[in-house]
$ cat structure_34.cif   # mmCIF, C-alpha atoms, pLDDT in the B column; chains and numbers go by the auth columns
data_protein
loop_
_atom_site.group_PDB
_atom_site.id
_atom_site.type_symbol
_atom_site.label_atom_id
_atom_site.label_comp_id
_atom_site.label_asym_id
_atom_site.label_seq_id
_atom_site.Cartn_x
_atom_site.Cartn_y
_atom_site.Cartn_z
_atom_site.B_iso_or_equiv
_atom_site.auth_seq_id
_atom_site.auth_asym_id
ATOM 1 C CA MET A 1 -15.945 13.488 -3.403 27.00 23 A
ATOM 2 C CA ALA A 2 -15.562 17.018 -2.081 32.00 24 A
ATOM 3 C CA VAL A 3 -12.632 17.306 0.295 36.00 25 A
ATOM 4 C CA GLN A 4 -11.340 20.719 1.261 37.00 26 A
ATOM 5 C CA THR A 5 -9.385 21.980 4.241 41.00 27 A
ATOM 6 C CA THR A 6 -7.938 25.371 5.099 45.00 28 A
ATOM 7 C CA ALA A 7 -6.782 27.210 1.989 49.00 29 A
ATOM 8 C CA ALA A 8 -3.108 28.081 1.737 62.00 30 A
ATOM 9 C CA SER A 9 -2.411 31.795 2.094 75.00 31 A
ATOM 10 C CA PRO A 10 -0.658 33.814 -0.652 87.00 32 A
ATOM 11 C CA ILE A 11 3.139 33.650 -0.830 93.00 33 A
ATOM 12 C CA THR A 12 4.620 36.456 1.265 95.00 34 A
ATOM 13 C CA ASP A 13 7.506 38.773 0.377 95.00 35 A
ATOM 14 C CA ARG A 14 9.541 37.190 3.178 94.00 36 A
ATOM 15 C CA GLU A 15 9.052 33.753 1.636 96.00 37 A
ATOM 16 C CA ARG A 16 10.040 35.060 -1.798 95.00 38 A
ATOM 17 C CA HIS A 17 13.199 36.659 -0.417 95.00 39 A
ATOM 18 C CA ALA A 18 14.115 33.477 1.474 94.00 40 A
ATOM 19 C CA ALA A 19 13.553 31.405 -1.675 96.00 41 A
ATOM 20 C CA ALA A 20 15.709 33.745 -3.764 95.00 42 A
ATOM 21 C CA ALA A 21 18.535 33.468 -1.235 95.00 43 A
ATOM 22 C CA LEU A 22 18.414 29.659 -1.056 97.00 44 A
ATOM 23 C CA ALA A 23 17.566 28.779 -4.679 97.00 45 A
ATOM 24 C CA PRO A 24 21.179 28.555 -5.945 96.00 46 A
ATOM 25 C CA ARG A 25 21.844 25.903 -3.298 97.00 47 A
ATOM 26 C CA VAL A 26 18.824 23.784 -4.290 98.00 48 A
ATOM 27 C CA SER A 27 18.716 20.661 -6.447 98.00 49 A
ATOM 28 C CA LEU A 28 15.192 19.915 -7.657 98.00 50 A
ATOM 29 C CA VAL A 29 14.659 16.192 -8.216 98.00 51 A
ATOM 30 C CA ILE A 30 11.546 15.152 -10.151 98.00 52 A
ATOM 31 C CA PRO A 31 10.764 11.421 -10.419 97.00 53 A
ATOM 32 C CA ALA A 32 8.663 10.703 -13.490 97.00 54 A
ATOM 33 C CA HIS A 33 7.010 7.695 -15.080 96.00 55 A
ATOM 34 C CA ASP A 34 4.922 8.322 -18.216 96.00 56 A
ATOM 35 C CA GLU A 35 4.276 11.994 -17.416 96.00 57 A
ATOM 36 C CA ALA A 36 4.955 13.534 -20.854 96.00 58 A
ATOM 37 C CA PRO A 37 1.770 15.691 -20.787 95.00 59 A
ATOM 38 C CA THR A 38 2.760 17.499 -17.565 96.00 60 A
ATOM 39 C CA ILE A 39 6.520 17.314 -17.038 97.00 61 A
ATOM 40 C CA ALA A 40 7.437 20.439 -19.034 97.00 62 A
ATOM 41 C CA ALA A 41 4.847 22.588 -17.249 97.00 63 A
ATOM 42 C CA VAL A 42 6.092 21.409 -13.843 97.00 64 A
ATOM 43 C CA ILE A 43 9.692 22.256 -14.733 98.00 65 A
ATOM 44 C CA GLN A 44 8.838 25.660 -16.170 97.00 66 A
ATOM 45 C CA ALA A 45 6.652 26.587 -13.178 97.00 67 A
ATOM 46 C CA ALA A 46 9.447 25.602 -10.779 97.00 68 A
ATOM 47 C CA ARG A 47 11.923 27.808 -12.642 97.00 69 A
ATOM 48 C CA LEU A 48 9.511 30.747 -12.490 97.00 70 A
ATOM 49 C CA ALA A 49 8.968 30.235 -8.771 97.00 71 A
ATOM 50 C CA LEU A 50 12.685 29.858 -8.040 96.00 72 A
ATOM 51 C CA PRO A 51 14.834 32.126 -10.227 94.00 73 A
ATOM 52 C CA GLY A 52 18.441 31.033 -9.894 95.00 74 A
ATOM 53 C CA LEU A 53 17.523 27.430 -9.093 97.00 75 A
ATOM 54 C CA GLY A 54 20.774 25.532 -8.803 96.00 76 A
ATOM 55 C CA GLU A 55 19.829 22.319 -10.606 97.00 77 A
ATOM 56 C CA VAL A 56 16.874 20.443 -12.041 98.00 78 A
ATOM 57 C CA LEU A 57 17.212 16.683 -12.400 98.00 79 A
ATOM 58 C CA VAL A 58 14.419 14.575 -13.883 98.00 80 A
ATOM 59 C CA VAL A 59 14.649 10.864 -13.131 98.00 81 A
ATOM 60 C CA ASP A 60 12.787 9.123 -15.936 98.00 82 A
ATOM 61 C CA ASP A 61 11.714 5.789 -14.481 97.00 83 A
ATOM 62 C CA GLY A 62 11.283 3.588 -17.527 96.00 84 A
ATOM 63 C CA SER A 63 8.774 5.823 -19.320 96.00 85 A
ATOM 64 C CA THR A 64 7.444 4.749 -22.714 96.00 86 A
ATOM 65 C CA ASP A 65 5.616 7.969 -23.663 95.00 87 A
ATOM 66 C CA GLY A 66 8.526 10.309 -24.387 96.00 88 A
ATOM 67 C CA THR A 67 8.772 11.827 -20.905 97.00 89 A
ATOM 68 C CA ALA A 68 12.581 11.962 -21.073 97.00 90 A
ATOM 69 C CA GLN A 69 12.561 13.684 -24.476 98.00 91 A
ATOM 70 C CA VAL A 70 10.049 16.298 -23.319 98.00 92 A
ATOM 71 C CA ALA A 71 12.134 17.044 -20.221 98.00 93 A
ATOM 72 C CA GLN A 72 15.305 17.325 -22.276 97.00 94 A
ATOM 73 C CA SER A 73 13.554 19.715 -24.660 97.00 95 A
ATOM 74 C CA VAL A 74 13.179 22.281 -21.868 97.00 96 A
ATOM 75 C CA GLY A 75 16.862 22.061 -21.001 96.00 97 A
ATOM 76 C CA VAL A 76 17.170 19.950 -17.873 97.00 98 A
ATOM 77 C CA ARG A 77 19.352 17.019 -17.006 97.00 99 A
ATOM 78 C CA VAL A 78 17.608 13.650 -17.337 98.00 100 A
ATOM 79 C CA LEU A 79 18.672 10.446 -15.639 98.00 101 A
ATOM 80 C CA ARG A 80 17.060 7.431 -17.298 97.00 102 A
ATOM 81 C CA LEU A 81 16.302 4.169 -15.503 97.00 103 A
ATOM 82 C CA GLU A 82 15.432 1.056 -17.490 94.00 104 A
ATOM 83 C CA PRO A 83 13.141 -0.764 -16.976 93.00 105 A
ATOM 84 C CA ASN A 84 10.638 0.903 -14.645 93.00 106 A
ATOM 85 C CA ARG A 85 11.940 0.355 -11.094 94.00 107 A
ATOM 86 C CA GLY A 86 9.586 2.265 -8.796 94.00 108 A
ATOM 87 C CA LYS A 87 9.449 5.700 -7.203 96.00 109 A
ATOM 88 C CA GLY A 88 11.764 4.766 -4.351 96.00 110 A
ATOM 89 C CA GLU A 89 14.552 3.698 -6.657 96.00 111 A
ATOM 90 C CA ALA A 90 14.006 6.760 -8.838 97.00 112 A
ATOM 91 C CA LEU A 91 14.300 9.174 -5.910 97.00 113 A
ATOM 92 C CA ARG A 92 17.301 7.348 -4.495 97.00 114 A
ATOM 93 C CA ALA A 93 19.030 7.620 -7.875 97.00 115 A
ATOM 94 C CA GLY A 94 18.206 11.321 -8.015 97.00 116 A
ATOM 95 C CA ILE A 95 19.507 11.934 -4.487 97.00 117 A
ATOM 96 C CA ALA A 96 22.762 10.174 -5.380 96.00 118 A
ATOM 97 C CA GLU A 97 23.234 12.327 -8.508 96.00 119 A
ATOM 98 C CA ALA A 98 22.056 15.701 -7.169 97.00 120 A
ATOM 99 C CA THR A 99 24.693 18.187 -6.079 96.00 121 A
ATOM 100 C CA GLY A 100 22.726 20.726 -4.012 97.00 122 A
ATOM 101 C CA GLU A 101 22.909 21.330 -0.286 97.00 123 A
ATOM 102 C CA ILE A 102 19.098 21.361 -0.201 98.00 124 A
ATOM 103 C CA LEU A 103 17.165 18.684 -2.074 98.00 125 A
ATOM 104 C CA ALA A 104 13.700 19.596 -3.335 98.00 126 A
ATOM 105 C CA PHE A 105 11.197 16.993 -4.495 98.00 127 A
ATOM 106 C CA ILE A 106 7.984 17.328 -6.475 98.00 128 A
ATOM 107 C CA ASP A 107 6.025 14.794 -8.488 96.00 129 A
ATOM 108 C CA ALA A 108 5.748 15.190 -12.256 96.00 130 A
ATOM 109 C CA ASP A 109 1.970 14.728 -12.473 94.00 131 A
ATOM 110 C CA GLY A 110 1.033 18.378 -11.901 94.00 132 A
ATOM 111 C CA GLN A 111 -0.920 17.772 -8.694 96.00 133 A
ATOM 112 C CA ASP A 112 1.411 19.920 -6.599 96.00 134 A
ATOM 113 C CA ASP A 113 1.906 23.575 -7.513 97.00 135 A
ATOM 114 C CA PRO A 114 5.573 24.548 -8.006 97.00 136 A
ATOM 115 C CA ALA A 115 4.563 28.185 -7.437 97.00 137 A
ATOM 116 C CA GLU A 116 4.366 27.247 -3.741 97.00 138 A
ATOM 117 C CA PHE A 117 8.068 26.354 -3.517 97.00 139 A
ATOM 118 C CA PRO A 118 8.854 29.758 -1.937 97.00 140 A
ATOM 119 C CA ARG A 119 6.566 28.823 0.965 97.00 141 A
ATOM 120 C CA LEU A 120 8.610 25.677 1.594 98.00 142 A
ATOM 121 C CA LEU A 121 11.940 27.484 1.270 97.00 143 A
ATOM 122 C CA GLY A 122 10.692 30.258 3.534 97.00 144 A
ATOM 123 C CA ALA A 123 10.262 27.621 6.253 97.00 145 A
ATOM 124 C CA MET A 124 13.756 26.183 5.714 97.00 146 A
ATOM 125 C CA THR A 125 15.426 28.083 8.529 97.00 147 A
ATOM 126 C CA PRO A 126 18.905 26.982 9.699 96.00 148 A
ATOM 127 C CA ASP A 127 17.456 24.767 12.440 97.00 149 A
ATOM 128 C CA VAL A 128 15.131 22.863 10.076 98.00 150 A
ATOM 129 C CA ALA A 129 16.157 19.604 8.385 98.00 151 A
ATOM 130 C CA MET A 130 12.982 18.887 6.387 98.00 152 A
ATOM 131 C CA VAL A 131 10.007 20.894 5.177 98.00 153 A
ATOM 132 C CA ILE A 132 6.898 18.988 4.079 98.00 154 A
ATOM 133 C CA GLY A 133 4.235 20.532 1.874 98.00 155 A
ATOM 134 C CA SER A 134 1.194 19.097 3.633 98.00 156 A
ATOM 135 C CA ARG A 135 -1.991 18.555 1.688 96.00 157 A
ATOM 136 C CA PHE A 136 -3.939 18.005 4.868 96.00 158 A
ATOM 137 C CA ILE A 137 -3.367 21.429 6.386 96.00 159 A
ATOM 138 C CA GLY A 138 -3.796 23.123 3.017 95.00 160 A
ATOM 139 C CA THR A 139 -6.308 22.601 0.227 93.00 161 A
ATOM 140 C CA LEU A 140 -7.442 19.373 -1.418 93.00 162 A
ATOM 141 C CA TYR A 141 -9.449 20.103 -4.534 94.00 163 A
ATOM 142 C CA ASP A 142 -12.222 17.814 -5.742 92.00 164 A
ATOM 143 C CA GLY A 143 -10.749 14.778 -7.477 91.00 165 A
ATOM 144 C CA SER A 144 -7.254 15.289 -6.069 92.00 166 A
ATOM 145 C CA ILE A 145 -7.352 12.176 -3.873 91.00 167 A
ATOM 146 C CA THR A 146 -9.567 9.126 -3.707 88.00 168 A
ATOM 147 C CA ARG A 147 -11.384 8.238 -0.511 89.00 169 A
ATOM 148 C CA SER A 148 -9.330 5.057 -0.070 87.00 170 A
ATOM 149 C CA HIS A 149 -6.054 6.944 -0.488 87.00 171 A
ATOM 150 C CA LEU A 150 -7.214 9.651 1.921 91.00 172 A
ATOM 151 C CA ILE A 151 -8.078 7.091 4.598 91.00 173 A
ATOM 152 C CA GLY A 152 -4.852 5.188 3.953 90.00 174 A
ATOM 153 C CA ASN A 153 -2.685 8.309 4.169 92.00 175 A
ATOM 154 C CA LYS A 154 -4.307 9.358 7.426 93.00 176 A
ATOM 155 C CA ALA A 155 -3.808 5.881 8.917 93.00 177 A
ATOM 156 C CA ILE A 156 -0.164 5.673 7.842 94.00 178 A
ATOM 157 C CA THR A 157 0.572 9.105 9.260 96.00 179 A
ATOM 158 C CA ARG A 158 -1.105 8.265 12.553 96.00 180 A
ATOM 159 C CA VAL A 159 0.953 5.083 12.936 95.00 181 A
ATOM 160 C CA PHE A 160 4.153 6.960 12.074 96.00 182 A
ATOM 161 C CA ASN A 161 3.435 9.572 14.745 97.00 183 A
ATOM 162 C CA LEU A 162 2.729 6.888 17.335 96.00 184 A
ATOM 163 C CA LEU A 163 5.942 5.023 16.517 95.00 185 A
ATOM 164 C CA TYR A 164 8.252 8.019 16.287 95.00 186 A
ATOM 165 C CA GLY A 165 6.685 10.513 18.688 95.00 187 A
ATOM 166 C CA THR A 166 6.075 13.135 16.000 97.00 188 A
ATOM 167 C CA ARG A 167 3.117 15.316 15.040 97.00 189 A
ATOM 168 C CA ILE A 168 3.373 15.234 11.264 97.00 190 A
ATOM 169 C CA THR A 169 0.135 15.524 9.252 98.00 191 A
ATOM 170 C CA ASP A 170 1.293 14.194 5.853 97.00 192 A
ATOM 171 C CA THR A 171 4.152 11.694 5.940 96.00 193 A
ATOM 172 C CA GLN A 172 3.437 10.584 2.375 95.00 194 A
ATOM 173 C CA ALA A 173 3.673 14.012 0.737 96.00 195 A
ATOM 174 C CA GLY A 174 5.832 14.020 -2.385 96.00 196 A
ATOM 175 C CA PHE A 175 6.296 17.808 -2.214 98.00 197 A
ATOM 176 C CA ARG A 176 9.112 18.529 0.228 98.00 198 A
ATOM 177 C CA LEU A 177 12.609 19.811 0.948 98.00 199 A
ATOM 178 C CA VAL A 178 15.361 18.091 2.891 98.00 200 A
ATOM 179 C CA ARG A 179 18.898 19.092 3.761 98.00 201 A
ATOM 180 C CA ARG A 180 21.439 16.688 2.308 96.00 202 A
ATOM 181 C CA ALA A 181 23.283 16.731 5.645 95.00 203 A
ATOM 182 C CA ALA A 182 20.167 15.313 7.346 95.00 204 A
ATOM 183 C CA LEU A 183 20.316 12.123 5.268 93.00 205 A
ATOM 184 C CA ASP A 184 22.671 9.223 4.837 91.00 206 A
ATOM 185 C CA PRO A 185 21.788 8.122 1.290 90.00 207 A
ATOM 186 C CA THR A 186 23.595 4.813 1.770 90.00 208 A
ATOM 187 C CA LEU A 187 20.930 3.797 4.304 90.00 209 A
ATOM 188 C CA LEU A 188 17.956 4.413 2.000 93.00 210 A
ATOM 189 C CA ARG A 189 16.431 1.154 0.787 92.00 211 A
ATOM 190 C CA ALA A 190 12.937 2.055 -0.490 94.00 212 A
ATOM 191 C CA MET A 191 11.915 0.695 -3.874 93.00 213 A
ATOM 192 C CA ARG A 192 8.389 2.025 -4.230 92.00 214 A
ATOM 193 C CA TYR A 193 6.123 4.504 -2.447 93.00 215 A
ATOM 194 C CA GLU A 194 7.603 3.846 0.978 94.00 216 A
ATOM 195 C CA ILE A 195 10.338 6.338 0.034 96.00 217 A
ATOM 196 C CA GLU A 196 8.499 9.317 1.570 95.00 218 A
ATOM 197 C CA THR A 197 8.113 7.526 4.883 94.00 219 A
ATOM 198 C CA GLU A 198 11.725 6.394 4.763 95.00 220 A
ATOM 199 C CA LEU A 199 12.911 9.977 4.269 97.00 221 A
ATOM 200 C CA CYS A 200 10.827 11.079 7.258 96.00 222 A
ATOM 201 C CA LEU A 201 12.092 8.376 9.593 94.00 223 A
ATOM 202 C CA HIS A 202 15.724 8.920 8.606 94.00 224 A
ATOM 203 C CA VAL A 203 15.493 12.637 9.367 96.00 225 A
ATOM 204 C CA VAL A 204 13.652 12.038 12.649 96.00 226 A
ATOM 205 C CA GLN A 205 16.027 9.274 13.763 93.00 227 A
ATOM 206 C CA ARG A 206 19.012 11.558 13.131 93.00 228 A
ATOM 207 C CA GLY A 207 17.459 14.232 15.335 95.00 229 A
ATOM 208 C CA GLY A 208 16.414 16.553 12.524 97.00 230 A
ATOM 209 C CA ARG A 209 13.588 19.039 12.929 97.00 231 A
ATOM 210 C CA VAL A 210 10.625 18.585 10.564 98.00 232 A
ATOM 211 C CA VAL A 211 8.146 21.371 9.830 98.00 233 A
ATOM 212 C CA GLU A 212 5.095 21.463 7.585 98.00 234 A
ATOM 213 C CA VAL A 213 3.519 24.192 5.500 97.00 235 A
ATOM 214 C CA PRO A 214 0.080 24.168 3.819 97.00 236 A
ATOM 215 C CA VAL A 215 -0.049 23.521 0.079 97.00 237 A
ATOM 216 C CA THR A 216 -2.735 22.959 -2.521 96.00 238 A
ATOM 217 C CA ARG A 217 -3.375 19.632 -4.226 95.00 239 A
ATOM 218 C CA ALA A 218 -5.099 19.419 -7.607 94.00 240 A
ATOM 219 C CA PRO A 219 -6.338 16.468 -9.689 92.00 241 A
ATOM 220 C CA ARG A 220 -3.758 14.756 -11.884 82.00 242 A
ATOM 221 C CA GLY A 221 -2.933 16.538 -15.119 71.00 243 A
ATOM 222 C CA GLY A 222 -2.569 13.242 -16.977 67.00 244 A
ATOM 223 C CA GLY A 223 -1.381 9.668 -16.668 66.00 245 A
ATOM 224 C CA ALA A 224 -2.304 7.372 -13.806 68.00 246 A
ATOM 225 C CA SER A 225 -0.983 6.713 -10.327 72.00 247 A
ATOM 226 C CA GLY A 226 0.935 3.484 -9.876 75.00 248 A
ATOM 227 C CA PHE A 227 0.109 3.327 -6.173 78.00 249 A
ATOM 228 C CA GLU A 228 -1.460 -0.005 -5.189 73.00 250 A
ATOM 229 C CA THR A 229 -3.380 0.489 -1.958 74.00 251 A
ATOM 230 C CA ALA A 230 -2.894 -2.940 -0.382 77.00 252 A
ATOM 231 C CA ARG A 231 0.597 -3.727 -1.670 84.00 253 A
ATOM 232 C CA ASP A 232 2.109 -0.300 -1.100 83.00 254 A
ATOM 233 C CA GLY A 233 0.255 0.342 2.141 84.00 255 A
ATOM 234 C CA LEU A 234 1.751 -2.829 3.598 89.00 256 A
ATOM 235 C CA ARG A 235 5.228 -1.903 2.346 91.00 257 A
ATOM 236 C CA ILE A 236 4.969 1.493 4.035 92.00 258 A
ATOM 237 C CA MET A 237 3.734 0.015 7.317 90.00 259 A
ATOM 238 C CA ARG A 238 6.514 -2.581 7.294 91.00 260 A
ATOM 239 C CA ARG A 239 9.164 0.080 6.658 91.00 261 A
ATOM 240 C CA MET A 240 7.930 2.151 9.608 90.00 262 A
ATOM 241 C CA VAL A 241 7.899 -0.797 12.005 90.00 263 A
ATOM 242 C CA VAL A 242 11.244 -2.211 10.894 87.00 264 A
ATOM 243 C CA GLY A 243 12.825 1.246 11.128 84.00 265 A
ATOM 244 C CA ARG A 244 11.588 1.640 14.674 83.00 266 A
ATOM 245 C CA LEU A 245 12.779 -1.824 15.734 82.00 267 A
ATOM 246 C CA LEU A 246 16.228 -1.328 14.240 76.00 268 A
ATOM 247 C CA GLU A 247 16.512 1.972 16.095 68.00 269 A
ATOM 248 C CA ARG A 248 16.270 0.227 19.467 52.00 270 A
#
$ encode --input "structure_34.cif" --output "structure tokens"
Amino acid sequence: MAVQTTAASPITDRERHAAAALAPRVSLVIPAHDEAPTIAAVIQAARLALPGLGEVLVVDDGSTDGTAQVAQSVGVRVLRLEPNRGKGEALRAGIAEATGEILAFIDADGQDDPAEFPRLLGAMTPDVAMVIGSRFIGTLYDGSITRSHLIGNKAITRVFNLLYGTRITDTQAGFRLVRRAALDPTLLRAMRYEIETELCLHVVQRGGRVVEVPVTRAPRGGGASGFETARDGLRIMRRMVVGRLLER
């Protein structure tokens, strides 16, 4: 299925300078489950994009293919969870262990391009609490998302905006930055793919400003997604509704 939106523009000098200034204060957290073929390339590309990066932490979520060993071979810290617990638990563990003022997240499957990190950091001005790398205002290459996942993502985002009065285009993006001060990690409860939505609602509920920048999205470099459309879609919807009810 051919799906393509507006292409992301080249990284500007301003974005590069902003990224260089902020990089030492950034902890990059990469959740990974059976991503040995791509994890090293993701780490190396992030280091090239962000010279002086403060910390890289890979959370190996019960992998059986040597993901942790590959990550360790390129010199990063690896936190191992056994057995596989889910993306939400992996990211929560990474947030708890990370030391940076700014937390950066990217998936280990190679679908997001770490070279675009300067664009996200360029948007992290002092008044911004979260920057989302949105696939839906950038470029989706052929094979980067299935039709069912595209429809599901759009529906989830629409419901989130209706519930929380926001205008976000990609609540489920795994490529994002968030200020540690904008979160209370003790309130995070997500176990699976509802973690992205939970991060959004926590920032919004605490009055944080969320901005989005366009990014590119490529097909997976290996492995397989563990996202289950019905099961995880319902979990995400329930988390949004419960979060809104508890806020009142």
$ resolve_selection --input "structure_34.cif" --expression "the PyMOL selection byres ((chain A and resi 168-180) around 12)" --output "PyMOL selection string"
chain A and resi 23-26+156-158+162-167+181-195+215-216+218-219+222-223+240-242+247+249-263
$ resolve_selection --input "structure_34.cif" --expression "the PyMOL selection byres ((chain A and resi 144) around 12)" --output "PyMOL selection string"
chain A and resi 33-45+72+138-143+145-148+150+152-155+199+233-235
$ atom_distance --input "structure_34.cif" --atom1 "atom CA of A:Phe197" --atom2 "atom CA of A:Val264"
24.4 Å
$ residues_around --input "structure_34.cif" --residues "A:Ala62" --least-positions-apart "6" --cutoff "12 Å" --atoms "only C-alpha atoms" --output "PyMOL selection string"
chain A and resi 52+54+68-69+78+80+88-98+130-132+136+243
$ atom_distance --input "structure_34.cif" --atom1 "atom CA of A:Arg231" --atom2 "atom CA of A:Ile128"
20.3 Å
$ atom_distance --input "structure_34.cif" --atom1 "atom CA of A:Pro236" --atom2 "atom CA of A:Ile159"
5.1 Å
$ closest_residue --input "structure_34.cif" --among "A:Val200, A:Ile124, A:Val237, A:Ala112" --to "A:Thr161" --atoms "only C-alpha atoms"
A:Val237
$ closest_residue --input "structure_34.cif" --among "A:Leu79, A:Leu210, A:Leu268, A:Ala71" --to "A:Gly122" --atoms "only C-alpha atoms"
A:Leu79
$ residues_around --input "structure_34.cif" --residues "A:Arg107" --least-positions-apart "5" --cutoff "8 Å" --atoms "only C-alpha atoms" --output "list in words"
Asp83, Gly84, Ala112, Met213 and Arg214 of chain A
$ axis_aligned_box --input "structure_34.cif" --around "stretch 104-121 of chain A" --padding-each-side "5 Å" --output "JSON"
{"center_x": 17.1, "center_y": 8.7, "center_z": -10.9, "size_x": 25.2, "size_y": 29.0, "size_z": 23.1}
